[in-house]
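Asker: File input00.cif follows (mmCIF, C-alpha atoms):
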data_input
loop_
_atom_site.label_atom_id
_atom_site.label_comp_id
_atom_site.auth_asym_id
_atom_site.auth_seq_id
_atom_site.Cartn_x
_atom_site.Cartn_y
_atom_site.Cartn_z
CA MET A 1 27.95 33.45 0.46
CA GLN A 2 25.25 35.02 2.61
CA GLU A 3 23.34 36.08 -0.48
CA LYS A 4 23.34 32.48 -1.77
CA GLN A 5 22.11 31.10 1.55
CA ALA A 6 19.32 33.67 1.76
CA SER A 7 18.10 32.77 -1.71
CA LEU A 8 17.52 29.19 -0.57
CA SER A 9 14.85 30.26 1.91
CA ILE A 10 11.26 29.87 0.69
CA LYS A 11 10.56 33.30 2.18
CA ASN A 12 12.62 34.85 -0.61
CA TRP A 13 10.80 33.08 -3.43
CA SER A 14 8.03 34.65 -5.46
CA ASP A 15 4.50 33.88 -4.22
CA ASP A 16 3.90 31.59 -7.21
CA ASP A 17 6.82 29.40 -6.12
CA LYS A 18 5.97 29.20 -2.41
CA PRO A 19 4.20 25.86 -1.75
CA ARG A 20 1.79 27.18 0.90
CA GLU A 21 0.77 30.21 -1.12
CA LYS A 22 0.56 28.08 -4.24
CA LEU A 23 -1.82 25.67 -2.51
CA VAL A 24 -4.08 28.48 -1.30
CA GLN A 25 -4.13 30.28 -4.64
CA LYS A 26 -4.20 27.37 -7.08
CA GLY A 27 -5.38 24.34 -5.11
CA LYS A 28 -3.63 21.31 -3.67
CA ALA A 29 -3.80 19.28 -6.89
CA VAL A 30 -1.25 21.48 -8.68
CA LEU A 31 1.47 20.89 -6.10
CA SER A 32 4.16 18.29 -6.70
CA ASP A 33 4.85 15.58 -4.14
CA ALA A 34 8.00 17.45 -3.12
CA GLU A 35 6.04 20.67 -2.56
CA LEU A 36 3.48 18.87 -0.41
CA ILE A 37 6.21 17.35 1.74
CA ALA A 38 7.90 20.76 1.95
CA ILE A 39 4.70 22.16 3.49
CA LEU A 40 4.79 19.36 6.07
CA ILE A 41 8.38 19.94 7.14
CA GLY A 42 8.14 23.74 6.96
CA SER A 43 11.82 24.49 6.44
CA GLY A 44 14.99 23.01 5.07
CA SER A 45 18.54 23.62 6.22
CA ARG A 46 21.03 26.45 5.80
CA ASN A 47 22.18 25.12 2.44
CA GLU A 48 18.98 23.54 1.17
CA SER A 49 15.37 24.70 0.84
CA ALA A 50 12.47 22.60 2.11
CA VAL A 51 11.52 21.74 -1.46
CA GLU A 52 15.06 20.65 -2.38
CA LEU A 53 15.27 18.57 0.78
CA SER A 54 11.94 16.98 -0.07
CA LYS A 55 13.14 16.20 -3.59
CA ARG A 56 16.23 14.52 -2.16
CA ILE A 57 14.13 12.40 0.18
CA LEU A 58 11.82 11.37 -2.65
CA ALA A 59 14.76 10.58 -4.95
CA SER A 60 16.05 8.10 -2.36
CA VAL A 61 12.84 6.06 -2.79
CA ASN A 62 12.61 6.50 -6.57
CA ASN A 63 9.88 9.14 -6.13
CA ASN A 64 7.53 6.44 -4.84
CA LEU A 65 5.23 7.58 -2.03
CA ASN A 66 4.44 3.98 -1.10
CA GLU A 67 8.16 3.35 -0.56
CA LEU A 68 8.41 6.57 1.44
CA GLY A 69 5.59 5.36 3.66
CA ARG A 70 7.64 2.29 4.55
CA LEU A 71 10.53 4.33 5.96
CA SER A 72 10.76 4.39 9.74
CA ILE A 73 11.13 7.57 11.78
CA LYS A 74 14.76 6.64 12.35
CA GLN A 75 15.38 6.24 8.61
CA LEU A 76 13.78 9.61 7.85
CA MET A 77 15.97 11.26 10.47
CA GLU A 78 19.06 10.09 8.59
CA PHE A 79 18.44 12.90 6.07
CA LYS A 80 20.26 16.06 7.04
CA GLY A 81 17.65 18.68 7.93
CA ILE A 82 15.08 16.14 9.17
CA GLY A 83 14.78 15.97 12.95
CA GLU A 84 12.38 13.86 14.96
CA ALA A 85 9.49 16.36 14.74
CA LYS A 86 9.70 16.60 10.94
CA ALA A 87 10.09 12.83 10.58
CA VAL A 88 7.02 12.23 12.76
CA THR A 89 5.02 14.77 10.71
CA ILE A 90 5.90 13.01 7.44
CA GLY A 91 5.13 9.60 8.91
CA ALA A 92 1.80 10.74 10.30
CA ALA A 93 0.72 12.32 7.01
CA LEU A 94 1.54 9.19 5.02
CA GLU A 95 -0.26 6.97 7.53
CA MET A 96 -3.36 9.16 7.20
CA GLY A 97 -3.19 8.66 3.45
CA ARG A 98 -2.94 4.90 3.90
CA ARG A 99 -5.95 4.88 6.23
CA ARG A 100 -7.94 6.98 3.79
CA ARG A 101 -7.31 4.41 1.06
CA GLY A 102 -8.41 1.75 3.51
CA GLU A 103 -11.71 3.53 4.17
CA GLU A 104 -12.32 3.86 0.45
CA ALA A 105 -11.62 0.14 0.02
CA GLN A 106 -14.29 -0.70 2.58
CA LYS A 107 -16.89 0.73 0.20
CA ILE A 108 -16.20 -2.15 -2.19
CA THR A 109 -19.02 -4.59 -1.50
CA LYS A 110 -19.09 -6.56 -4.75
CA ILE A 111 -16.19 -8.17 -6.59
CA GLN A 112 -16.42 -7.50 -10.30
CA SER A 113 -12.84 -8.26 -11.36
CA SER A 114 -9.37 -9.00 -10.05
CA LYS A 115 -8.83 -5.24 -9.87
CA SER A 116 -11.69 -5.01 -7.36
CA VAL A 117 -9.86 -7.49 -5.13
CA PHE A 118 -6.63 -5.53 -5.46
CA GLU A 119 -8.35 -2.27 -4.52
CA LEU A 120 -9.99 -4.01 -1.55
CA LEU A 121 -6.82 -5.53 -0.12
CA GLN A 122 -3.89 -3.39 -1.29
CA PRO A 123 -4.37 -0.77 1.46
CA ILE A 124 -4.19 -3.58 4.02
CA MET A 125 -1.21 -5.57 2.81
CA GLY A 126 0.47 -3.70 -0.05
CA GLU A 127 3.11 -1.96 2.06
CA LEU A 128 3.79 -4.67 4.65
CA GLU A 129 7.31 -5.97 5.18
CA HIS A 130 6.05 -9.45 6.06
CA GLU A 131 3.73 -11.84 4.27
CA GLU A 132 0.07 -12.17 5.13
CA PHE A 133 -2.52 -14.53 3.64
CA TRP A 134 -6.12 -13.31 3.38
CA ILE A 135 -9.39 -14.86 2.28
CA VAL A 136 -12.35 -12.97 0.81
CA TYR A 137 -15.64 -14.85 1.27
CA LEU A 138 -18.39 -14.21 -1.30
CA ASN A 139 -22.08 -15.04 -1.72
CA ASN A 140 -23.66 -16.21 -4.99
CA SER A 141 -23.80 -12.61 -6.27
CA ASN A 142 -20.06 -12.12 -5.65
CA LYS A 143 -20.84 -9.73 -2.81
CA VAL A 144 -18.28 -9.64 -0.01
CA LEU A 145 -19.54 -11.44 3.09
CA HIS A 146 -16.29 -11.20 5.01
CA ARG A 147 -12.57 -10.75 4.57
CA ALA A 148 -10.14 -12.25 7.02
CA GLN A 149 -6.45 -12.63 7.65
CA LEU A 150 -5.74 -16.34 7.71
CA SER A 151 -2.06 -16.22 8.58
CA LYS A 152 0.82 -13.87 9.18
CA GLY A 153 4.41 -14.81 8.57
CA GLY A 154 7.88 -13.64 7.78
CA ILE A 155 9.35 -12.55 4.49
CA THR A 156 9.70 -16.17 3.36
CA GLY A 157 6.07 -17.20 3.55
CA THR A 158 2.97 -18.03 5.56
CA LEU A 159 1.22 -21.14 6.81
CA VAL A 160 -2.32 -21.74 5.61
CA ASP A 161 -4.84 -23.88 7.52
CA VAL A 162 -7.20 -25.28 4.87
CA ARG A 163 -9.64 -26.65 7.46
CA LEU A 164 -10.02 -23.21 9.05
CA VAL A 165 -10.78 -21.64 5.66
CA MET A 166 -13.52 -24.16 4.90
CA LYS A 167 -14.98 -24.00 8.41
CA GLN A 168 -15.35 -20.22 8.21
CA ALA A 169 -16.79 -20.41 4.70
CA LEU A 170 -19.52 -22.78 5.87
CA GLU A 171 -20.29 -20.66 8.92
CA LEU A 172 -20.67 -17.57 6.72
CA GLY A 173 -22.75 -19.35 4.10
CA ALA A 174 -20.20 -18.45 1.42
CA VAL A 175 -20.31 -20.05 -2.01
CA ALA A 176 -17.02 -18.72 -3.35
CA LEU A 177 -13.57 -17.72 -2.12
CA ILE A 178 -10.81 -15.47 -3.32
CA LEU A 179 -7.31 -16.02 -1.96
CA ALA A 180 -4.73 -13.27 -1.63
CA HIS A 181 -1.30 -12.77 -0.17
CA ASN A 182 1.41 -10.16 -0.50
CA HIS A 183 4.99 -10.40 -1.67
CA PRO A 184 7.12 -7.87 0.29
CA SER A 185 9.96 -8.46 -2.17
CA GLY A 186 7.86 -6.88 -4.92
CA THR A 187 8.01 -9.89 -7.23
CA LEU A 188 4.78 -10.91 -8.92
CA LYS A 189 5.90 -14.40 -9.91
CA PRO A 190 4.01 -17.13 -8.02
CA SER A 191 6.19 -19.67 -6.24
CA ASN A 192 5.63 -23.42 -6.31
CA ALA A 193 4.28 -23.12 -2.77
CA ASP A 194 1.78 -20.48 -3.96
CA LYS A 195 0.57 -22.82 -6.69
CA GLN A 196 0.37 -25.79 -4.34
CA ILE A 197 -1.73 -24.03 -1.69
CA THR A 198 -4.03 -22.67 -4.42
CA GLN A 199 -4.62 -26.18 -5.75
CA LYS A 200 -5.05 -27.58 -2.24
CA LEU A 201 -7.75 -25.02 -1.38
CA LYS A 202 -9.40 -25.47 -4.76
CA VAL A 203 -9.71 -29.25 -4.29
CA ALA A 204 -10.94 -28.85 -0.71
CA GLY A 205 -13.52 -26.31 -1.85
CA GLU A 206 -14.85 -28.54 -4.63
CA ALA A 207 -15.63 -31.24 -2.06
CA LEU A 208 -17.90 -28.75 -0.29
CA ASP A 209 -19.27 -27.08 -3.44
CA LEU A 210 -17.20 -23.94 -2.78
CA LYS A 211 -15.47 -22.27 -5.71
CA VAL A 212 -12.01 -20.70 -5.50
CA LEU A 213 -12.44 -17.90 -8.03
CA ASP A 214 -8.96 -16.39 -7.89
CA HIS A 215 -5.71 -16.03 -6.02
CA LEU A 216 -3.94 -12.66 -6.07
CA ILE A 217 -0.34 -11.84 -5.30
CA ILE A 218 -0.28 -8.22 -4.17
CA THR A 219 2.59 -5.73 -4.10
CA GLN A 220 2.66 -1.97 -3.60
CA LYS A 221 1.36 -1.00 -7.02
CA GLU A 222 0.68 -4.20 -8.94
CA TYR A 223 -0.87 -7.61 -8.63
CA PHE A 224 -0.80 -11.04 -10.24
CA SER A 225 -4.13 -12.80 -10.76
CA PHE A 226 -4.09 -16.60 -11.11
CA ALA A 227 -7.48 -16.43 -12.86
CA ASP A 228 -6.49 -13.68 -15.30
CA GLU A 229 -3.28 -15.53 -16.19
CA GLY A 230 -5.04 -18.87 -16.61
CA VAL A 231 -3.09 -20.70 -13.95
CA LEU A 232 -5.85 -21.26 -11.37
#
Could you spell out this file's structure in structure tokens?
Answerer:
Amino acid sequence: MQEKQASLSIKNWSDDDKPREKLVQKGKAVLSDAELIAILIGSGSRNESAVELSKRILASVNNNLNELGRLSIKQLMEFKGIGEAKAVTIGAALEMGRRRRGEEAQKITKIQSSKSVFELLQPIMGELEHEEFWIVYLNNSNKVLHRAQLSKGGITGTLVDVRLVMKQALELGAVALILAHNHPSGTLKPSNADKQITQKLKVAGEALDLKVLDHLIITQKEYFSFADEGVL
């Protein structure tokens, strides 16, 4: 029994199989997600190596790092072998990754497609557990003048103030708008309320010579574009 337990320790693995040594020798890109998490937590338990523990944690979220990032410290600590310190380390690392994506998104200054909008806003709202409604204000070259959260609500929906949207558009000198909100449930199907608010903003914009170019529903990894699907 002792021999089996000893074999589970990373210290007893060959250098090629040790995550830290593997990273130093071969580079971080060759490591699996489980190996990267194993480096963060440092050790597993008596009956499970750090890598095996990491694989178990990832399996619980279908090997989806975005889903892992949504787990609270308390939820991470429910895994045997994960104490508060290890849970905090995992949470901090994933938050740094989210912020890095956010900084990269800030470099997007011109909207060229619905994908550009997704890349701009997904780091902000893609992993939220509540709905938020955002507006991207554009000039006549489709360059981003401003992006703003219009409302924040619960899982069931948000309230949108059409007058506030138009007021800010005029103040910014915008000529076009792109609407976006997230669906925490993960569904990409627009609701009747989504269609109604899109039409309401579109009509209000036309009265002021402002174009609503698109409305995106954003989830963790995907998006639905009203313009691309021909339902704007």
Asker: Quick check, in Å to one decimal: how far apart do atom CA of A:Asp214 and atom CA of A:Gly126 lie?
Answerer: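 Between atom CA of A:Asp214 and atom CA of A:Gly126 the gap works out to 17.6 Å.
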Asker: Record the distance separating atom CA of A:Leu145 and atom CA of A:Gly97, expressed in Å with one decimal.
Answerer: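 The value is 25.9 Å.
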Asker: So that I can check the surroundings of stretch 71-83 of chain A, please list as a compact mmCIF listing (two decimals) with C-alpha atoms, keeping the file's coordinate frame every protein, DNA and RNA residue that reaches within 12 Å of it, counting all atoms listed in the file and ignoring chain neighbours fewer than 6 positions away.
Answerer:
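Once written, selection06.txt looks like this:
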# COMPACT_ATOMS: atom_id res chain seq x y z
CA ILE A 37 6.21 17.35 1.74
CA ALA A 38 7.90 20.76 1.95
CA LEU A 40 4.79 19.36 6.07
CA ILE A 41 8.38 19.94 7.14
CA GLY A 42 8.14 23.74 6.96
CA SER A 43 11.82 24.49 6.44
CA GLY A 44 14.99 23.01 5.07
CA SER A 45 18.54 23.62 6.22
CA ARG A 46 21.03 26.45 5.80
CA ASN A 47 22.18 25.12 2.44
CA GLU A 48 18.98 23.54 1.17
CA SER A 49 15.37 24.70 0.84
CA ALA A 50 12.47 22.60 2.11
CA VAL A 51 11.52 21.74 -1.46
CA GLU A 52 15.06 20.65 -2.38
CA LEU A 53 15.27 18.57 0.78
CA SER A 54 11.94 16.98 -0.07
CA LYS A 55 13.14 16.20 -3.59
CA ARG A 56 16.23 14.52 -2.16
CA ILE A 57 14.13 12.40 0.18
CA LEU A 58 11.82 11.37 -2.65
CA ALA A 59 14.76 10.58 -4.95
CA SER A 60 16.05 8.10 -2.36
CA VAL A 61 12.84 6.06 -2.79
CA ASN A 64 7.53 6.44 -4.84
CA LEU A 65 5.23 7.58 -2.03
CA THR A 89 5.02 14.77 10.71
CA ILE A 90 5.90 13.01 7.44
CA GLY A 91 5.13 9.60 8.91
CA ALA A 92 1.80 10.74 10.30
CA LEU A 94 1.54 9.19 5.02
CA GLU A 95 -0.26 6.97 7.53
CA GLU A 127 3.11 -1.96 2.06
CA LEU A 128 3.79 -4.67 4.65
CA GLU A 129 7.31 -5.97 5.18
Asker: Take atom CA of A:Phe133 and atom CA of A:Lys152 and report the distance between them in Å, one decimal.
Answerer: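 Taking atom CA of A:Phe133 as the start and atom CA of A:Lys152 as the end point, the length is 6.5 Å.
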Asker: Written as a list in words, what is the full residue list that the PyMOL selection byres ((chain A and resi 187) around 12) yields on the file shown?
Answerer: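 That expression, the PyMOL selection byres ((chain A and resi 187) around 12), corresponds here to Asn182, His183, Pro184, Ser185, Gly186, Leu188, Lys189, Pro190, Ser191, Ile217, Ile218, Thr219, Gln220, Lys221, Glu222, Tyr223 and Phe224 of chain A.
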Asker: Of the candidates A:Lys115, A:Arg98, A:Arg163, A:Lys28, which shows the shortest atom-to-atom distance to A:Leu208, using all atoms listed in the file?
Answerer: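 Smallest separation from A:Leu208 among the options: A:Arg163.
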Asker: Please check which residues have atoms at most 12 Å from (-21.1, -19.5, 3.1) in the file's coordinates, counting only C-alpha atoms, and write them as a VMD selection string.
Answerer: chain A and resid 136 to 146 165 to 177 205 208 to 211
Asker: Generate the output file for the selected residues, C-alpha atoms, as a CSV table (one decimal), keeping the file's coordinate frame.
Answerer:
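What landed in again_34.csv:
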chain,number,residue,atom,x,y,z
A,136,VAL,CA,-12.4,-13.0,0.8
A,137,TYR,CA,-15.6,-14.8,1.3
A,138,LEU,CA,-18.4,-14.2,-1.3
A,139,ASN,CA,-22.1,-15.0,-1.7
A,140,ASN,CA,-23.7,-16.2,-5.0
A,141,SER,CA,-23.8,-12.6,-6.3
A,142,ASN,CA,-20.1,-12.1,-5.6
A,143,LYS,CA,-20.8,-9.7,-2.8
A,144,VAL,CA,-18.3,-9.6,0.0
A,145,LEU,CA,-19.5,-11.4,3.1
A,146,HIS,CA,-16.3,-11.2,5.0
A,165,VAL,CA,-10.8,-21.6,5.7
A,166,MET,CA,-13.5,-24.2,4.9
A,167,LYS,CA,-15.0,-24.0,8.4
A,168,GLN,CA,-15.4,-20.2,8.2
A,169,ALA,CA,-16.8,-20.4,4.7
A,170,LEU,CA,-19.5,-22.8,5.9
A,171,GLU,CA,-20.3,-20.7,8.9
A,172,LEU,CA,-20.7,-17.6,6.7
A,173,GLY,CA,-22.8,-19.4,4.1
A,174,ALA,CA,-20.2,-18.4,1.4
A,175,VAL,CA,-20.3,-20.0,-2.0
A,176,ALA,CA,-17.0,-18.7,-3.4
A,177,LEU,CA,-13.6,-17.7,-2.1
A,205,GLY,CA,-13.5,-26.3,-1.8
A,208,LEU,CA,-17.9,-28.8,-0.3
A,209,ASP,CA,-19.3,-27.1,-3.4
A,210,LEU,CA,-17.2,-23.9,-2.8
A,211,LYS,CA,-15.5,-22.3,-5.7
Asker: Would you please work out which residue, of A:Val30, A:Ala180, A:Leu23, A:Ala227, is nearest to A:Trp134 when using all atoms listed in the file?
Answerer: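 Under the stated criterion, the closest residue is A:Ala180.
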Asker: Dump as a VMD selection string all residues having an atom at most 12 Å from (-2.0, -21.7, -6.7), computed in the file's coordinates with all atoms listed in the file.
Answerer: chain A and resid 178 to 181 189 to 203 212 to 217 224 to 227 229 to 232
Asker: Calculated over all atoms listed in the file, which of the candidates A:Asp33, A:Ile39, A:Val162, A:Thr109 has the smallest distance to A:Lys18?
Answerer: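 Residue with the minimum atom-to-atom distance to A:Lys18: A:Ile39.
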Asker: Kindly provide, as AutoDock Vina command-line options, the centre and edge lengths (Å, one decimal) of an axis-aligned box around all atoms of stretch 158-168 of chain A given in the file, with 3 Å on each side.
Answerer:
--center_x -6.2 --center_y -22.3 --center_z 7.0 --size_x 24.3 --size_y 14.6 --size_z 10.2
Asker: Considering only C-alpha atoms, can you say which of A:Ala29, A:Leu150, A:Leu121, A:Ala207 comes closest to A:Ile135?
Answerer: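 Distance minimum relative to A:Ile135 lands on A:Leu150.
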Asker: Could I get stretch 137-157 of chain A rebuilt with N, CA, C and O atoms, written as an mmCIF file, keeping the file's coordinate frame?
Answerer:
data_model
loop_
_atom_site.group_PDB
_atom_site.id
_atom_site.type_symbol
_atom_site.label_atom_id
_atom_site.label_comp_id
_atom_site.auth_asym_id
_atom_site.auth_seq_id
_atom_site.Cartn_x
_atom_site.Cartn_y
_atom_site.Cartn_z
ATOM 1 N N TYR A 137 -14.493 -13.930 1.384
ATOM 2 C CA TYR A 137 -15.640 -14.850 1.270
ATOM 3 C C TYR A 137 -16.781 -14.139 0.545
ATOM 4 O O TYR A 137 -17.151 -13.024 0.904
ATOM 5 N N LEU A 138 -17.356 -14.814 -0.455
ATOM 6 C CA LEU A 138 -18.390 -14.210 -1.300
ATOM 7 C C LEU A 138 -19.682 -15.025 -1.287
ATOM 8 O O LEU A 138 -19.658 -16.248 -1.100
ATOM 9 N N ASN A 139 -20.824 -14.326 -1.537
ATOM 10 C CA ASN A 139 -22.080 -15.040 -1.720
ATOM 11 C C ASN A 139 -22.274 -15.343 -3.197
ATOM 12 O O ASN A 139 -21.379 -15.118 -4.014
ATOM 13 N N ASN A 140 -23.447 -15.810 -3.592
ATOM 14 C CA ASN A 140 -23.660 -16.210 -4.990
ATOM 15 C C ASN A 140 -23.774 -15.031 -5.952
ATOM 16 O O ASN A 140 -23.858 -15.223 -7.158
ATOM 17 N N SER A 141 -23.793 -13.801 -5.420
ATOM 18 C CA SER A 141 -23.800 -12.610 -6.270
ATOM 19 C C SER A 141 -22.423 -11.933 -6.290
ATOM 20 O O SER A 141 -22.284 -10.808 -6.743
ATOM 21 N N ASN A 142 -21.425 -12.643 -5.761
ATOM 22 C CA ASN A 142 -20.060 -12.120 -5.650
ATOM 23 C C ASN A 142 -19.962 -10.907 -4.726
ATOM 24 O O ASN A 142 -19.058 -10.083 -4.867
ATOM 25 N N LYS A 143 -20.919 -10.790 -3.810
ATOM 26 C CA LYS A 143 -20.840 -9.730 -2.810
ATOM 27 C C LYS A 143 -19.973 -10.216 -1.646
ATOM 28 O O LYS A 143 -20.002 -11.392 -1.283
ATOM 29 N N VAL A 144 -19.207 -9.293 -1.078
ATOM 30 C CA VAL A 144 -18.280 -9.640 -0.010
ATOM 31 C C VAL A 144 -19.043 -9.886 1.291
ATOM 32 O O VAL A 144 -19.718 -8.996 1.810
ATOM 33 N N LEU A 145 -18.932 -11.102 1.799
ATOM 34 C CA LEU A 145 -19.540 -11.440 3.090
ATOM 35 C C LEU A 145 -18.577 -11.123 4.229
ATOM 36 O O LEU A 145 -18.981 -10.670 5.297
ATOM 37 N N HIS A 146 -17.302 -11.367 3.960
ATOM 38 C CA HIS A 146 -16.290 -11.200 5.010
ATOM 39 C C HIS A 146 -14.910 -11.262 4.372
ATOM 40 O O HIS A 146 -14.729 -11.901 3.333
ATOM 41 N N ARG A 147 -13.963 -10.601 4.965
ATOM 42 C CA ARG A 147 -12.570 -10.750 4.570
ATOM 43 C C ARG A 147 -11.769 -10.970 5.841
ATOM 44 O O ARG A 147 -12.032 -10.335 6.862
ATOM 45 N N ALA A 148 -10.845 -11.887 5.796
ATOM 46 C CA ALA A 148 -10.140 -12.250 7.020
ATOM 47 C C ALA A 148 -8.698 -12.615 6.753
ATOM 48 O O ALA A 148 -8.374 -13.240 5.734
ATOM 49 N N GLN A 149 -7.858 -12.223 7.689
ATOM 50 C CA GLN A 149 -6.450 -12.630 7.650
ATOM 51 C C GLN A 149 -6.373 -14.062 8.146
ATOM 52 O O GLN A 149 -6.804 -14.371 9.249
ATOM 53 N N LEU A 150 -5.837 -14.933 7.335
ATOM 54 C CA LEU A 150 -5.740 -16.340 7.710
ATOM 55 C C LEU A 150 -4.417 -16.628 8.419
ATOM 56 O O LEU A 150 -4.367 -17.414 9.360
ATOM 57 N N SER A 151 -3.358 -15.989 7.957
ATOM 58 C CA SER A 151 -2.060 -16.220 8.580
ATOM 59 C C SER A 151 -1.146 -15.026 8.368
ATOM 60 O O SER A 151 -1.343 -14.204 7.476
ATOM 61 N N LYS A 152 -0.159 -14.956 9.212
ATOM 62 C CA LYS A 152 0.820 -13.870 9.180
ATOM 63 C C LYS A 152 2.182 -14.491 9.379
ATOM 64 O O LYS A 152 2.390 -15.268 10.318
ATOM 65 N N GLY A 153 3.100 -14.188 8.487
ATOM 66 C CA GLY A 153 4.410 -14.810 8.570
ATOM 67 C C GLY A 153 5.536 -13.867 8.285
ATOM 68 O O GLY A 153 5.354 -12.657 8.217
ATOM 69 N N GLY A 154 6.700 -14.445 8.091
ATOM 70 C CA GLY A 154 7.880 -13.640 7.780
ATOM 71 C C GLY A 154 7.977 -13.382 6.301
ATOM 72 O O GLY A 154 7.063 -13.678 5.525
ATOM 73 N N ILE A 155 9.121 -12.867 5.897
ATOM 74 C CA ILE A 155 9.350 -12.550 4.490
ATOM 75 C C ILE A 155 9.229 -13.798 3.629
ATOM 76 O O ILE A 155 8.786 -13.753 2.502
ATOM 77 N N THR A 156 9.608 -14.961 4.158
ATOM 78 C CA THR A 156 9.700 -16.170 3.360
ATOM 79 C C THR A 156 8.369 -16.850 3.076
ATOM 80 O O THR A 156 8.244 -17.641 2.165
ATOM 81 N N GLY A 157 7.341 -16.566 3.851
ATOM 82 C CA GLY A 157 6.070 -17.200 3.550
ATOM 83 C C GLY A 157 5.143 -17.298 4.746
ATOM 84 O O GLY A 157 5.454 -16.853 5.844
#
